[in-house]
$ cat data17.pdb   # PDB, C-alpha atoms
ATOM      1  CA  MET A   1     127.258 203.269 177.139
ATOM      2  CA  ILE A   2     124.504 205.490 175.723
ATOM      3  CA  SER A   3     120.967 204.778 176.913
ATOM      4  CA  LYS A   4     118.630 204.512 173.912
ATOM      5  CA  SER A   5     115.449 206.575 173.697
ATOM      6  CA  PRO A   6     112.676 207.072 171.137
ATOM      7  CA  ALA A   7     112.069 210.087 168.946
ATOM      8  CA  VAL A   8     109.096 211.501 167.134
ATOM      9  CA  PHE A   9     110.022 212.876 163.740
ATOM     10  CA  VAL A  10     107.396 215.266 162.387
ATOM     11  CA  ASP A  11     106.784 216.765 159.001
ATOM     12  CA  ARG A  12     106.172 220.523 159.100
ATOM     13  CA  ASP A  13     103.637 221.637 156.485
ATOM     14  CA  ASP A  14     100.115 220.244 156.980
ATOM     15  CA  THR A  15     101.329 218.301 160.016
ATOM     16  CA  ILE A  16     102.177 220.924 162.626
ATOM     17  CA  MET A  17     101.217 224.045 160.666
ATOM     18  CA  GLU A  18      98.820 225.048 157.929
ATOM     19  CA  ASN A  19     100.353 224.542 154.515
ATOM     20  CA  VAL A  20     101.151 227.723 152.633
ATOM     21  CA  ASP A  21     102.577 226.868 149.236
ATOM     22  CA  TYR A  22     106.291 227.575 149.490
ATOM     23  CA  CYS A  23     106.012 229.430 152.782
ATOM     24  CA  SER A  24     108.697 232.120 152.875
ATOM     25  CA  ASP A  25     107.163 234.667 155.248
ATOM     26  CA  PRO A  26     107.017 234.151 159.023
ATOM     27  CA  LYS A  27     103.712 236.072 159.043
ATOM     28  CA  GLN A  28     102.119 233.110 157.220
ATOM     29  CA  VAL A  29     102.903 230.586 159.993
ATOM     30  CA  ARG A  30      99.743 229.188 161.621
ATOM     31  CA  ILE A  31     100.305 226.268 163.992
ATOM     32  CA  PHE A  32      97.384 223.830 164.121
ATOM     33  CA  PRO A  33      95.332 223.908 167.343
ATOM     34  CA  GLY A  34      96.526 221.436 169.961
ATOM     35  CA  VAL A  35      99.928 220.836 168.389
ATOM     36  CA  PRO A  36     102.100 222.603 171.000
ATOM     37  CA  GLU A  37     100.314 220.786 173.826
ATOM     38  CA  ALA A  38     100.600 217.435 172.035
ATOM     39  CA  LEU A  39     104.315 217.920 171.449
ATOM     40  CA  ARG A  40     104.844 218.938 175.086
ATOM     41  CA  ARG A  41     103.174 215.676 176.167
ATOM     42  CA  LEU A  42     105.561 213.674 173.992
ATOM     43  CA  LYS A  43     108.581 215.633 175.233
ATOM     44  CA  SER A  44     107.593 215.185 178.888
ATOM     45  CA  ASN A  45     107.420 211.434 178.273
ATOM     46  CA  GLY A  46     110.995 211.228 177.027
ATOM     47  CA  PHE A  47     110.674 211.575 173.252
ATOM     48  CA  LYS A  48     113.147 213.601 171.225
ATOM     49  CA  LEU A  49     111.173 215.875 168.878
ATOM     50  CA  ILE A  50     112.672 216.497 165.457
ATOM     51  CA  ILE A  51     111.183 218.282 162.461
ATOM     52  CA  ILE A  52     112.007 216.646 159.117
ATOM     53  CA  THR A  53     110.782 218.654 156.108
ATOM     54  CA  ASN A  54     111.205 218.762 152.338
ATOM     55  CA  GLN A  55     111.533 222.377 151.208
ATOM     56  CA  SER A  56     111.840 222.284 147.428
ATOM     57  CA  GLY A  57     110.938 225.978 147.242
ATOM     58  CA  ILE A  58     114.608 226.660 147.991
ATOM     59  CA  GLY A  59     115.795 224.447 145.132
ATOM     60  CA  ARG A  60     113.198 225.965 142.809
ATOM     61  CA  GLY A  61     114.429 229.473 143.657
ATOM     62  CA  PHE A  62     111.131 230.570 145.239
ATOM     63  CA  PHE A  63     112.818 231.509 148.522
ATOM     64  CA  THR A  64     116.248 231.459 150.142
ATOM     65  CA  ASN A  65     117.790 229.486 153.006
ATOM     66  CA  GLU A  66     117.555 232.665 155.067
ATOM     67  CA  GLN A  67     113.818 232.991 154.382
ATOM     68  CA  TYR A  68     113.340 229.337 155.292
ATOM     69  CA  ARG A  69     115.240 229.895 158.572
ATOM     70  CA  ALA A  70     113.048 232.913 159.389
ATOM     71  CA  VAL A  71     109.927 230.755 158.938
ATOM     72  CA  GLU A  72     111.519 227.968 160.995
ATOM     73  CA  ALA A  73     112.276 230.452 163.788
ATOM     74  CA  GLU A  74     108.627 231.551 163.833
ATOM     75  CA  VAL A  75     107.422 227.936 163.924
ATOM     76  CA  LEU A  76     109.707 227.265 166.893
ATOM     77  CA  ARG A  77     108.574 230.464 168.609
ATOM     78  CA  GLN A  78     104.891 229.566 168.222
ATOM     79  CA  LEU A  79     105.494 226.006 169.431
ATOM     80  CA  GLY A  80     107.399 227.216 172.490
ATOM     81  CA  ASP A  81     111.042 227.599 173.434
ATOM     82  CA  GLY A  82     113.046 224.429 173.863
ATOM     83  CA  LEU A  83     110.297 222.088 172.659
ATOM     84  CA  ILE A  84     111.854 220.943 169.368
ATOM     85  CA  ASP A  85     115.271 219.302 169.656
ATOM     86  CA  ALA A  86     116.307 219.845 166.023
ATOM     87  CA  CYS A  87     115.036 220.755 162.561
ATOM     88  CA  TYR A  88     116.312 219.276 159.308
ATOM     89  CA  PHE A  89     115.259 220.347 155.836
ATOM     90  CA  CYS A  90     116.038 219.255 152.304
ATOM     91  CA  PRO A  91     116.058 221.922 149.560
ATOM     92  CA  ASP A  92     116.152 219.438 146.672
ATOM     93  CA  VAL A  93     113.415 219.403 144.038
ATOM     94  CA  PRO A  94     111.402 216.294 143.141
ATOM     95  CA  GLY A  95     113.005 214.144 140.479
ATOM     96  CA  GLN A  96     116.519 215.331 141.334
ATOM     97  CA  ARG A  97     118.917 212.740 142.696
ATOM     98  CA  SER A  98     118.870 213.351 146.439
ATOM     99  CA  ASN A  99     119.943 211.518 149.560
ATOM    100  CA  CYS A 100     117.959 213.849 151.827
ATOM    101  CA  ARG A 101     114.590 214.420 150.130
ATOM    102  CA  LYS A 102     111.970 212.250 151.814
ATOM    103  CA  PRO A 103     111.545 209.314 151.408
ATOM    104  CA  ALA A 104     115.385 209.144 151.285
ATOM    105  CA  PRO A 105     116.940 208.689 154.737
ATOM    106  CA  GLY A 106     119.518 211.517 154.702
ATOM    107  CA  MET A 107     117.821 213.796 157.219
ATOM    108  CA  ILE A 108     117.358 211.026 159.752
ATOM    109  CA  GLU A 109     120.991 210.014 159.335
ATOM    110  CA  GLN A 110     121.939 213.576 160.325
ATOM    111  CA  ALA A 111     119.630 213.398 163.340
ATOM    112  CA  VAL A 112     121.027 210.069 164.545
ATOM    113  CA  GLN A 113     124.570 211.359 164.130
ATOM    114  CA  ARG A 114     123.719 214.335 166.348
ATOM    115  CA  PHE A 115     121.598 212.280 168.772
ATOM    116  CA  PRO A 116     123.150 208.784 168.877
ATOM    117  CA  GLN A 117     120.818 207.754 171.698
ATOM    118  CA  ILE A 118     117.810 207.654 169.322
ATOM    119  CA  GLU A 119     116.342 204.164 168.999
ATOM    120  CA  LEU A 120     114.775 204.173 165.533
ATOM    121  CA  ALA A 121     112.798 200.972 166.065
ATOM    122  CA  GLN A 122     110.919 202.693 168.907
ATOM    123  CA  SER A 123     110.512 205.985 167.042
ATOM    124  CA  TYR A 124     107.690 207.381 164.909
ATOM    125  CA  MET A 125     107.435 209.532 161.779
ATOM    126  CA  LEU A 126     104.285 211.667 161.605
ATOM    127  CA  GLY A 127     103.244 213.268 158.339
ATOM    128  CA  ASP A 128     100.503 213.700 155.765
ATOM    129  CA  LYS A 129     102.145 212.377 152.590
ATOM    130  CA  ALA A 130     103.230 209.104 151.046
ATOM    131  CA  SER A 131     106.814 210.370 151.205
ATOM    132  CA  ASP A 132     106.534 210.528 155.017
ATOM    133  CA  VAL A 133     105.362 206.910 155.120
ATOM    134  CA  GLY A 134     108.173 205.877 152.757
ATOM    135  CA  PHE A 135     110.670 207.798 154.869
ATOM    136  CA  ALA A 136     109.628 205.833 157.956
ATOM    137  CA  LYS A 137     109.944 202.547 156.068
ATOM    138  CA  ASN A 138     113.392 203.519 154.784
ATOM    139  CA  THR A 139     114.653 204.416 158.250
ATOM    140  CA  GLY A 140     113.168 201.722 160.487
ATOM    141  CA  CYS A 141     110.651 203.999 162.212
ATOM    142  CA  ARG A 142     106.956 203.380 162.559
ATOM    143  CA  SER A 143     104.801 205.618 160.376
ATOM    144  CA  ILE A 144     101.670 207.496 161.344
ATOM    145  CA  LEU A 145      99.821 209.074 158.439
ATOM    146  CA  LEU A 146      97.830 212.067 159.616
ATOM    147  CA  LYS A 147      94.567 212.970 157.908
ATOM    148  CA  THR A 148      95.502 216.638 158.004
ATOM    149  CA  GLY A 149      96.611 218.287 154.775
ATOM    150  CA  TYR A 150      97.076 215.743 152.022
ATOM    151  CA  GLY A 151      96.487 212.751 154.296
ATOM    152  CA  GLU A 152      92.800 212.290 153.463
ATOM    153  CA  ARG A 153      93.538 212.558 149.726
ATOM    154  CA  VAL A 154      96.439 210.110 150.007
ATOM    155  CA  LEU A 155      94.178 207.574 151.712
ATOM    156  CA  ALA A 156      91.507 208.088 149.041
ATOM    157  CA  GLY A 157      94.082 207.537 146.275
ATOM    158  CA  LYS A 158      93.637 211.088 144.975
ATOM    159  CA  TYR A 159      97.129 212.357 145.802
ATOM    160  CA  GLN A 160     100.417 210.453 145.658
ATOM    161  CA  VAL A 161     100.535 206.687 145.549
ATOM    162  CA  LEU A 162     101.079 204.828 148.800
ATOM    163  CA  GLU A 163     103.776 202.326 147.899
ATOM    164  CA  ASN A 164     103.918 201.363 151.574
ATOM    165  CA  GLN A 165     100.939 201.275 153.860
ATOM    166  CA  PRO A 166     101.292 203.412 156.976
ATOM    167  CA  ASP A 167     101.693 201.509 160.224
ATOM    168  CA  PHE A 168      98.957 203.641 161.766
ATOM    169  CA  ILE A 169      96.520 206.374 160.731
ATOM    170  CA  CYS A 170      95.414 209.205 163.020
ATOM    171  CA  GLN A 171      93.226 212.258 162.559
ATOM    172  CA  ASP A 172      95.788 214.855 163.638
ATOM    173  CA  MET A 173      98.792 215.518 165.900
ATOM    174  CA  PRO A 174      96.839 215.430 169.201
ATOM    175  CA  ALA A 175      95.272 212.083 168.206
ATOM    176  CA  ALA A 176      98.667 210.685 167.160
ATOM    177  CA  THR A 177     100.169 211.789 170.474
ATOM    178  CA  ALA A 178      97.415 210.064 172.439
ATOM    179  CA  PHE A 179      97.915 206.925 170.330
ATOM    180  CA  ILE A 180     101.709 206.888 170.850
ATOM    181  CA  LEU A 181     101.476 207.482 174.580
ATOM    182  CA  LYS A 182      98.820 204.786 174.978
ATOM    183  CA  ARG A 183     101.257 202.323 173.362
ATOM    184  CA  VAL A 184     104.280 203.262 175.497
ATOM    185  CA  LEU A 185     102.869 204.154 178.904
ATOM    186  CA  PRO A 186     101.968 201.442 181.422
TER
END

$ encode --input "data17.pdb" --output "structure tokens"
Amino acid sequence: MISKSPAVFVDRDDTIMENVDYCSDPKQVRIFPGVPEALRRLKSNGFKLIIITNQSGIGRGFFTNEQYRAVEAEVLRQLGDGLIDACYFCPDVPGQRSNCRKPAPGMIEQAVQRFPQIELAQSYMLGDKASDVGFAKNTGCRSILLKTGYGERVLAGKYQVLENQPDFICQDMPAATAFILKRVLP
């Protein structure tokens, strides 16, 4: 029997790194301060760490899968070796029928297939957009909307419509980590 464990699913752009529109160059990767340390705290407390990101720049022809993978490799390098358990991306453009573009659950289905021990009801999705909140709702995770990136504008009703309210709101990744660990640690 497989022992169940929680995961933290994280959006990439404006959640763990500065958003660069359609980032295709590893030289543009800038991890937010405190993110590697926050993720290490989660990992050391038993959470699987999985990046879940929409990358419509591929579907729009702005960059290739190979360019995306080069950026991903730089993100992983800056975060630290072995910290992230897996990365999943969806190249589909908005408005296209897609089973993987957030808020659709396709990427999490891939993650759970690879890591069957993940307990979704005890897991979190961290991101800065309404699609991240919807993704959590569609997959049974708890959502934390970060105020980084688009998060402040989403909360103010100036960007994307929140069809679902986030379960929690935090300033940034370090604050979300502290919040999660406060809830799970004795």

$ closest_atom_pairs --input "data17.pdb" --of "range 62-105 of chain A" --to "range 29-34 of chain A" --cutoff "8 Å" --atoms "all atoms listed in the file" --output "Markdown table"
| residue | atom | partner | partner_atom | distance |
| --- | --- | --- | --- | --- |
| A:Val71 | CA | A:Val29 | CA | 7.1 |
| A:Glu74 | CA | A:Val29 | CA | 7.0 |
| A:Val75 | CA | A:Val29 | CA | 6.5 |
| A:Gln78 | CA | A:Ile31 | CA | 7.1 |
| A:Leu79 | CA | A:Ile31 | CA | 7.5 |

$ write_last_selection --input "data17.pdb" --atoms "C-alpha atoms" --output "CSV table (one decimal), in the frame of the given file"
chain,number,residue,atom,x,y,z
A,71,VAL,CA,109.9,230.8,158.9
A,74,GLU,CA,108.6,231.6,163.8
A,75,VAL,CA,107.4,227.9,163.9
A,78,GLN,CA,104.9,229.6,168.2
A,79,LEU,CA,105.5,226.0,169.4

$ closest_residue --input "data17.pdb" --among "A:Cys100, A:Ile169, A:Leu126, A:Leu185" --to "Lys147 in chain A" --atoms "all atoms listed in the file"
A:Ile169

$ closest_residue --input "data17.pdb" --among "A:Glu109, A:Glu119, A:Glu72, A:Asp167" --to "Gly46 in chain A" --atoms "only C-alpha atoms"
A:Glu119

$ resolve_selection --input "data17.pdb" --expression "the PyMOL selection byres ((chain A and resi 81-97) around 10)" --output "ChimeraX atom specification"
/A:7,9-12,36,39-40,42-44,47-61,64-65,68-69,72,75-80,98-102,104,106-108,110-111,114-115

$ atom_distance --input "data17.pdb" --atom1 "CA of Phe62 in chain A" --atom2 "CA of Leu162 in chain A"
27.9 Å

$ resolve_selection --input "data17.pdb" --expression "the PyMOL selection byres ((chain A and resi 118) around 7)" --output "number ranges by chain"
A: 4-7, 112, 115-117, 119-120

$ residues_around --input "data17.pdb" --residues "Ala178 in chain A" --least-positions-apart "6" --cutoff "10 Å" --atoms "only C-alpha atoms" --output "VMD selection string"
chain A and resid 38 41 to 42 170

$ resolve_selection --input "data17.pdb" --expression "the PyMOL selection byres ((chain A and resi 131) around 9)" --output "list of chain:residue names"
A:Arg101, A:Lys102, A:Pro103, A:Ala104, A:Gly127, A:Asp128, A:Lys129, A:Ala130, A:Asp132, A:Val133, A:Gly134, A:Phe135, A:Ala136, A:Gln160, A:Leu162

$ closest_residue --input "data17.pdb" --among "A:Gln171, A:Glu66, A:Met17, A:Gln165" --to "Gly151 in chain A" --atoms "only C-alpha atoms"
A:Gln171

$ closest_residue --input "data17.pdb" --among "A:Ser143, A:Gln113, A:Asp25, A:Lys137" --to "Val8 in chain A" --atoms "all atoms listed in the file"
A:Ser143

$ atom_distance --input "data17.pdb" --atom1 "CA of Cys141 in chain A" --atom2 "CA of Tyr124 in chain A"
5.2 Å

$ axis_aligned_box --input "data17.pdb" --around "range 62-80 of chain A" --padding-each-side "3 Å" --output "JSON"
{"center_x": 111.3, "center_y": 229.5, "center_z": 158.9, "size_x": 18.9, "size_y": 13.0, "size_z": 33.3}

$ atom_distance --input "data17.pdb" --atom1 "CA of Tyr22 in chain A" --atom2 "CA of Arg153 in chain A"
19.7 Å

$ closest_residue --input "data17.pdb" --among "A:Phe63, A:Asn164, A:Ser3, A:Val184" --to "Asp21 in chain A" --atoms "all atoms listed in the file"
A:Phe63

$ build_atoms --input "data17.pdb" --residues "range 162-183 of chain A" --atoms "N, CA and C atoms" --output "compact mmCIF listing (two decimals), keeping the file's coordinate frame"
# COMPACT_ATOMS: atom_id res chain seq x y z
N LEU A 162 100.49 205.44 147.61
CA LEU A 162 101.08 204.83 148.80
C LEU A 162 101.74 203.52 148.39
N GLU A 163 103.05 203.56 148.20
CA GLU A 163 103.78 202.33 147.90
C GLU A 163 103.84 201.44 149.13
N ASN A 164 103.92 202.07 150.29
CA ASN A 164 103.92 201.36 151.57
C ASN A 164 102.71 201.83 152.36
N GLN A 165 102.05 200.90 153.01
CA GLN A 165 100.94 201.28 153.86
C GLN A 165 101.48 201.85 155.17
N PRO A 166 100.84 202.89 155.68
CA PRO A 166 101.29 203.41 156.98
C PRO A 166 101.06 202.37 158.07
N ASP A 167 101.90 202.42 159.09
CA ASP A 167 101.69 201.51 160.22
C ASP A 167 100.41 201.86 160.96
N PHE A 168 100.14 203.17 161.06
CA PHE A 168 98.96 203.64 161.77
C PHE A 168 98.43 204.88 161.06
N ILE A 169 97.16 205.18 161.28
CA ILE A 169 96.52 206.37 160.73
C ILE A 169 95.83 207.09 161.89
N CYS A 170 96.05 208.40 161.98
CA CYS A 170 95.41 209.20 163.02
C CYS A 170 94.86 210.48 162.40
N GLN A 171 93.87 211.05 163.06
CA GLN A 171 93.23 212.26 162.56
C GLN A 171 94.18 213.45 162.48
N ASP A 172 94.93 213.67 163.56
CA ASP A 172 95.79 214.86 163.64
C ASP A 172 96.87 214.62 164.69
N MET A 173 97.68 215.64 164.95
CA MET A 173 98.79 215.52 165.90
C MET A 173 98.32 215.17 167.32
N PRO A 174 97.29 215.83 167.86
CA PRO A 174 96.84 215.43 169.20
C PRO A 174 96.39 213.96 169.26
N ALA A 175 95.70 213.48 168.23
CA ALA A 175 95.27 212.08 168.21
C ALA A 175 96.47 211.15 168.10
N ALA A 176 97.46 211.51 167.30
CA ALA A 176 98.67 210.68 167.16
C ALA A 176 99.43 210.63 168.47
N THR A 177 99.50 211.75 169.17
CA THR A 177 100.17 211.79 170.47
C THR A 177 99.48 210.86 171.46
N ALA A 178 98.16 210.94 171.54
CA ALA A 178 97.42 210.06 172.44
C ALA A 178 97.66 208.60 172.08
N PHE A 179 97.68 208.29 170.79
CA PHE A 179 97.92 206.92 170.33
C PHE A 179 99.31 206.45 170.74
N ILE A 180 100.33 207.27 170.50
CA ILE A 180 101.71 206.89 170.85
C ILE A 180 101.83 206.66 172.34
N LEU A 181 101.32 207.59 173.12
CA LEU A 181 101.48 207.48 174.58
C LEU A 181 100.70 206.30 175.14
N LYS A 182 99.59 205.96 174.55
CA LYS A 182 98.82 204.79 174.98
C LYS A 182 99.64 203.51 174.75
N ARG A 183 100.44 203.50 173.69
CA ARG A 183 101.26 202.32 173.36
C ARG A 183 102.48 202.19 174.27
